[in-house]
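Engineer: Input file: run21.cif. Contents: mmCIF, C-alpha atoms.
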data_input
#
loop_
_atom_site.label_atom_id
_atom_site.label_comp_id
_atom_site.auth_asym_id
_atom_site.auth_seq_id
_atom_site.Cartn_x
_atom_site.Cartn_y
_atom_site.Cartn_z
CA MET A 125 -11.06 10.23 -0.09
CA THR A 126 -9.06 10.63 -3.26
CA THR A 127 -7.63 14.08 -3.81
CA VAL A 128 -7.16 14.87 -7.48
CA LEU A 129 -5.10 17.78 -8.72
CA ALA A 130 -6.04 18.62 -12.30
CA GLY A 131 -4.22 20.79 -14.80
CA GLY A 132 -5.09 21.92 -18.28
CA ASP A 133 -6.88 24.66 -20.18
CA SER A 134 -10.56 25.47 -20.70
CA PHE A 135 -11.61 21.82 -20.95
CA VAL A 136 -10.39 21.12 -17.43
CA TRP A 137 -11.55 24.52 -16.15
CA GLY A 138 -14.99 23.59 -17.52
CA SER A 139 -15.74 26.55 -19.76
CA GLU A 140 -19.37 26.55 -20.96
CA LEU A 141 -20.48 23.87 -18.50
CA ALA A 142 -23.60 24.73 -16.50
CA ASP A 143 -21.86 24.96 -13.12
CA HIS A 144 -18.93 27.01 -14.43
CA LYS A 145 -19.30 30.22 -12.46
CA HIS A 146 -16.79 32.77 -13.69
CA GLY A 147 -13.18 33.21 -14.78
CA GLY A 148 -11.92 34.20 -11.34
CA PRO A 149 -10.54 32.17 -8.44
CA ALA A 150 -12.59 29.03 -7.72
CA GLY A 151 -14.85 29.77 -10.69
CA TYR A 152 -14.10 26.41 -12.27
CA SER A 153 -16.62 23.67 -12.95
CA LYS A 154 -16.93 20.45 -11.00
CA SER A 155 -18.55 18.59 -13.89
CA THR A 156 -15.40 18.10 -15.94
CA PHE A 157 -14.02 14.61 -16.58
CA THR A 158 -11.19 15.29 -14.15
CA ALA A 159 -13.55 16.46 -11.39
CA LEU A 160 -15.95 13.56 -11.86
CA LEU A 161 -13.18 11.11 -10.96
CA ALA A 162 -12.34 12.91 -7.72
CA ASP A 163 -13.70 12.86 -4.17
CA ASN A 164 -11.73 15.94 -3.31
CA TYR A 165 -10.91 18.14 -6.30
CA ILE A 166 -8.27 20.82 -6.82
CA CYS A 167 -8.19 22.60 -10.17
CA ALA A 168 -4.97 24.23 -11.39
CA ALA A 169 -6.29 24.71 -14.93
CA TYR A 170 -7.15 27.97 -16.64
CA PRO A 171 -8.70 28.74 -20.05
CA GLY A 172 -6.38 29.62 -22.91
CA ILE A 173 -3.07 28.82 -21.25
CA GLY A 174 -0.22 26.91 -22.92
CA ASN A 175 1.63 23.80 -21.83
CA LYS A 176 4.44 25.73 -20.17
CA GLU A 177 1.97 27.41 -17.83
CA ILE A 178 0.03 24.20 -17.27
CA ALA A 179 3.21 22.55 -15.97
CA THR A 180 4.13 25.57 -13.83
CA ARG A 181 0.67 25.82 -12.27
CA ILE A 182 0.65 22.10 -11.42
CA LYS A 183 4.02 22.40 -9.68
CA ASP A 184 2.91 25.51 -7.75
CA VAL A 185 -0.31 23.95 -6.51
CA PHE A 186 1.22 20.50 -5.94
CA PHE A 187 3.55 22.00 -3.36
CA TRP A 188 0.75 22.75 -0.88
CA SER A 189 -2.03 20.40 -1.94
CA LYS A 190 -0.43 16.92 -1.59
CA PRO A 191 -2.77 15.19 -4.05
CA ASP A 192 -3.21 11.41 -4.35
CA ILE A 193 -3.11 11.66 -8.12
CA VAL A 194 -2.45 14.33 -10.73
CA ILE A 195 -4.39 14.48 -14.00
CA VAL A 196 -3.16 16.77 -16.75
CA CYS A 197 -4.82 17.47 -20.08
CA TRP A 198 -2.13 18.98 -22.30
CA THR A 199 -3.11 21.51 -24.91
CA TRP A 200 -1.85 22.64 -28.32
CA PRO A 201 1.93 23.34 -28.29
CA SER A 202 1.45 26.33 -30.61
CA ARG A 203 0.17 28.33 -27.62
CA ASP A 204 3.80 28.48 -26.46
CA LEU A 205 4.91 29.19 -30.04
CA GLN A 206 6.50 25.76 -30.22
CA LEU A 207 6.12 22.74 -32.45
CA ASN A 208 6.08 20.35 -29.51
CA SER A 209 5.86 20.49 -25.73
CA ASP A 210 8.07 17.52 -24.93
CA SER A 211 10.35 19.49 -22.60
CA TYR A 212 7.47 20.71 -20.40
CA ILE A 213 5.77 17.33 -20.37
CA GLU A 214 8.97 15.47 -19.55
CA GLY A 215 9.81 18.04 -16.87
CA LEU A 216 6.49 17.49 -15.12
CA GLN A 217 6.75 13.73 -15.56
CA ASP A 218 10.15 13.74 -13.80
CA TYR A 219 8.81 16.02 -11.07
CA LEU A 220 5.85 13.78 -10.28
CA GLU A 221 7.96 10.64 -10.39
CA TYR A 222 10.45 12.25 -8.01
CA TYR A 223 7.60 12.89 -5.55
CA LYS A 224 6.26 9.35 -6.16
CA THR A 225 2.86 10.67 -7.13
CA PRO A 226 0.74 8.77 -9.63
CA TYR A 227 -0.42 10.72 -12.65
CA ILE A 228 -2.49 10.42 -15.77
CA PHE A 229 -1.67 12.59 -18.74
CA THR A 230 -4.08 13.11 -21.57
CA CYS A 231 -4.45 15.83 -24.19
CA ALA A 232 -6.97 17.98 -26.01
CA ASP A 233 -5.49 17.14 -29.41
CA ASN A 234 -3.07 14.35 -30.34
CA CYS A 235 -0.69 16.80 -32.04
CA VAL A 236 1.09 16.96 -28.66
CA ILE A 237 2.13 13.30 -29.09
CA THR A 238 5.55 13.14 -30.72
CA GLY A 239 6.46 9.57 -29.87
CA ASN A 240 9.63 10.69 -28.13
CA LEU A 241 8.42 10.33 -24.53
CA ASP A 242 7.33 7.57 -22.19
CA TYR A 243 3.57 7.29 -22.75
CA THR A 244 2.80 4.49 -20.27
CA ASN A 245 0.86 6.80 -17.93
CA TRP A 246 -1.10 8.48 -20.69
CA PHE A 247 -4.76 8.01 -21.37
CA LEU A 248 -5.77 8.58 -24.96
CA PHE A 249 -9.25 8.43 -26.40
CA PRO A 250 -10.39 6.03 -29.14
CA SER A 251 -10.82 7.36 -32.67
CA GLY A 252 -14.35 8.22 -33.77
CA VAL A 253 -16.38 6.61 -36.55
CA GLY A 254 -15.59 8.04 -39.99
CA ALA A 255 -13.39 10.76 -38.58
CA ASP A 256 -10.26 11.54 -40.55
CA GLN A 257 -9.95 7.83 -41.40
CA THR A 258 -6.91 7.29 -39.19
CA GLU A 259 -6.99 5.07 -36.15
CA SER A 260 -4.45 6.94 -34.07
CA ALA A 261 -5.47 7.69 -30.50
CA ARG A 262 -7.26 10.98 -29.95
CA GLY A 263 -7.27 13.85 -27.53
CA PHE A 264 -10.38 14.77 -25.52
CA TYR A 265 -11.55 17.52 -27.86
CA GLN A 266 -11.00 15.45 -31.02
CA TRP A 267 -12.80 12.49 -29.48
CA ALA A 268 -15.78 14.63 -28.40
CA VAL A 269 -16.12 16.33 -31.80
CA GLU A 270 -15.74 13.11 -33.79
CA ASN A 271 -18.33 11.37 -31.65
CA LYS A 272 -20.69 14.31 -32.13
CA TYR A 273 -21.13 15.23 -28.48
CA ARG A 274 -23.02 18.44 -27.91
CA CYS A 275 -20.77 21.52 -27.74
CA GLY A 276 -21.37 25.03 -26.43
CA ILE A 277 -21.41 28.24 -28.48
CA GLN A 278 -17.64 28.49 -28.22
CA ASN A 279 -17.20 24.83 -29.19
CA HIS A 280 -16.37 23.39 -25.78
CA PRO A 281 -17.80 19.87 -25.30
CA LEU A 282 -20.62 19.90 -22.75
CA GLU A 283 -21.53 17.69 -19.76
CA GLU A 284 -22.29 14.45 -21.65
CA ALA A 285 -18.83 14.33 -23.19
CA HIS A 286 -17.20 14.89 -19.81
CA LYS A 287 -19.30 12.16 -18.19
CA ASP A 288 -18.40 9.62 -20.85
CA ALA A 289 -14.74 10.65 -20.81
CA ALA A 290 -14.63 10.11 -17.05
CA LYS A 291 -16.16 6.65 -17.51
CA LEU A 292 -13.49 5.78 -20.07
CA MET A 293 -10.71 6.94 -17.76
CA GLN A 294 -12.12 5.33 -14.62
CA GLU A 295 -10.34 1.99 -14.98
CA GLN A 296 -6.85 3.45 -15.42
CA PHE A 297 -7.58 5.94 -12.64
CA ASN A 298 -8.62 3.20 -10.18
CA GLU A 299 -5.52 1.17 -10.98
CA LEU A 300 -3.18 4.10 -10.39
CA VAL A 301 -4.81 5.28 -7.18
CA LYS A 302 -4.62 1.79 -5.70
CA LYS A 303 -1.04 1.28 -6.81
CA PRO A 304 1.09 4.38 -6.17
CA LEU A 305 4.51 4.66 -7.80
CA GLU A 306 7.29 2.85 -5.97
CA MET B 58 29.32 32.16 -51.88
CA ASN B 59 29.14 30.03 -48.76
CA TRP B 60 27.44 32.78 -46.78
CA LEU B 61 24.72 32.99 -49.40
CA LYS B 62 24.11 29.26 -49.22
CA ASN B 63 23.94 29.42 -45.42
CA LEU B 64 21.54 32.32 -45.52
CA TRP B 65 19.32 30.54 -48.01
CA ASN B 66 19.28 27.39 -45.84
CA ARG B 67 18.37 29.39 -42.74
CA ILE B 68 15.54 31.15 -44.54
CA ARG B 69 14.25 27.82 -45.83
CA LEU B 70 14.36 26.29 -42.34
CA GLU B 71 12.59 29.29 -40.82
CA MET B 72 9.86 29.07 -43.45
CA LYS B 73 9.40 25.36 -42.77
CA TYR B 74 9.19 26.05 -39.02
CA ARG B 75 6.60 28.79 -39.46
CA LYS B 76 4.53 26.62 -41.76
CA LYS B 77 4.47 23.79 -39.21
CA LEU B 78 3.55 26.19 -36.42
CA ARG B 79 0.73 27.59 -38.55
CA GLU B 80 -0.59 24.09 -39.13
CA ILE B 81 -0.68 23.33 -35.40
CA ARG B 82 -2.32 26.69 -34.69
CA LYS B 83 -5.07 25.90 -37.16
CA ARG B 84 -5.92 22.81 -35.11
CA ASP B 85 -6.54 24.95 -32.02
CA PRO B 86 -9.98 26.51 -32.43
CA PHE B 87 -9.97 28.27 -29.07
CA ILE B 88 -6.95 30.47 -28.91
CA TYR B 89 -8.32 33.28 -31.03
CA LYS B 90 -11.62 33.56 -29.13
#
Show this structure as structure tokens.
Structural biologist:
Amino acid sequence: MTTVLAGGDSFVWGSELADHKHGGPAGYSKSTFTALLADNYICAAYPGIGNKEIATRIKDVFFWSKPDIVIVCWTWPSRDLQLNSDSYIEGLQDYLEYYKTPYIFTCADNCVITGNLDYTNWFLFPSGVGADQTESARGFYQWAVENKYRCGIQNHPLEEAHKDAAKLMQEQFNELVKKPLE
Amino acid sequence: MNWLKNLWNRIRLEMKYRKKLREIRKRDPFIYK
């Protein structure tokens, strides 16, 4: 039984997915790419929040949940009125390494990547065909839009995108769960 | 005249910062919904 603690915004909460119930406690979806990787799933995400709150919520929930692995999908740094979120990301990285807990970080949009951090435990998505002609790694939302996955009315990628994203992440996930940090 | 130069530099930096922030905000299609 692998317990996954997931953090992020609406993509990890599962807004617009069929099994997304409501915006209240435990209203999150279990069809998101983070949930599909888990046997036992704990969601610390919430729609519309910024990276500062994502990090805080993970730390709060981590304290009582003792997960086997933490997956975080970082969002746009402008939600915290900042140009980058390196301090929050690095803070959470240090926290998880201190508690010897494996983690995978990914992002909604690659604008959160500054190149100033250690990105070894990050999972980034491949660039789409004929996107903006660059080959830099993508975030989940960019990857889903560029690969023309179906989106909901509010532009959130739907179930298919989450399924394929989980498949892409599976290998790195398996490796990390088997081999916890020393 | 130094104070004027400093003020001008600070205004220029602030404008640059706001422009960058605006650009990142534009990439986030969800925050205004």
Engineer: Between atom CA of Arg69 of chain B and atom CA of Leu207 of chain A, what is the distance, to one decimal in Å?
Structural biologist: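 These atoms are spaced 16.5 Å apart.
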Engineer: Could you pull the residues within 12 Å of Asp184 of chain A, counting all atoms listed in the file, minus those fewer than 4 positions along the same chain, as a PyMOL selection string?
Structural biologist: chain A and resi 129+131+167-169+177-180+188-190+216+219
Engineer: Each residue of chain A lying at most 9 Å from chain B should get a row with its shortest atom-to-atom pair and the distance in Å to one decimal, counting only C-alpha atoms; could you produce that, ordered by chain and increasing number, as CSV?
Structural biologist:
residue,atom,partner,partner_atom,distance
A:Ser134,CA,B:Phe87,CA,8.8
A:Gly172,CA,B:Ile88,CA,6.1
A:Ile173,CA,B:Ile88,CA,8.7
A:Thr199,CA,B:Asp85,CA,8.6
A:Trp200,CA,B:Asp85,CA,6.4
A:Pro201,CA,B:Ile81,CA,7.6
A:Ser202,CA,B:Arg82,CA,5.6
A:Arg203,CA,B:Ile88,CA,7.5
A:Leu205,CA,B:Leu78,CA,7.2
A:Gln206,CA,B:Leu78,CA,6.9
A:Leu207,CA,B:Leu78,CA,5.9
A:Asp233,CA,B:Arg84,CA,8.1
A:Cys235,CA,B:Ile81,CA,7.3
A:Gln278,CA,B:Phe87,CA,7.7
A:Asn279,CA,B:Phe87,CA,8.0
A:His280,CA,B:Phe87,CA,8.7
Engineer: Taking only C-alpha atoms into account, name the residue in A:Tyr152, A:Glu270, A:Asp204, A:Phe229 that is nearest to Asn175 of chain A.
Structural biologist: A:Asp204
Engineer: Neighbours of segment 294-299 of chain A within 8 Å (only C-alpha atoms; same-chain residues fewer than 2 positions away dropped), as a PyMOL selection string?
Structural biologist: chain A and resi 161+228+247+290-292+301-303
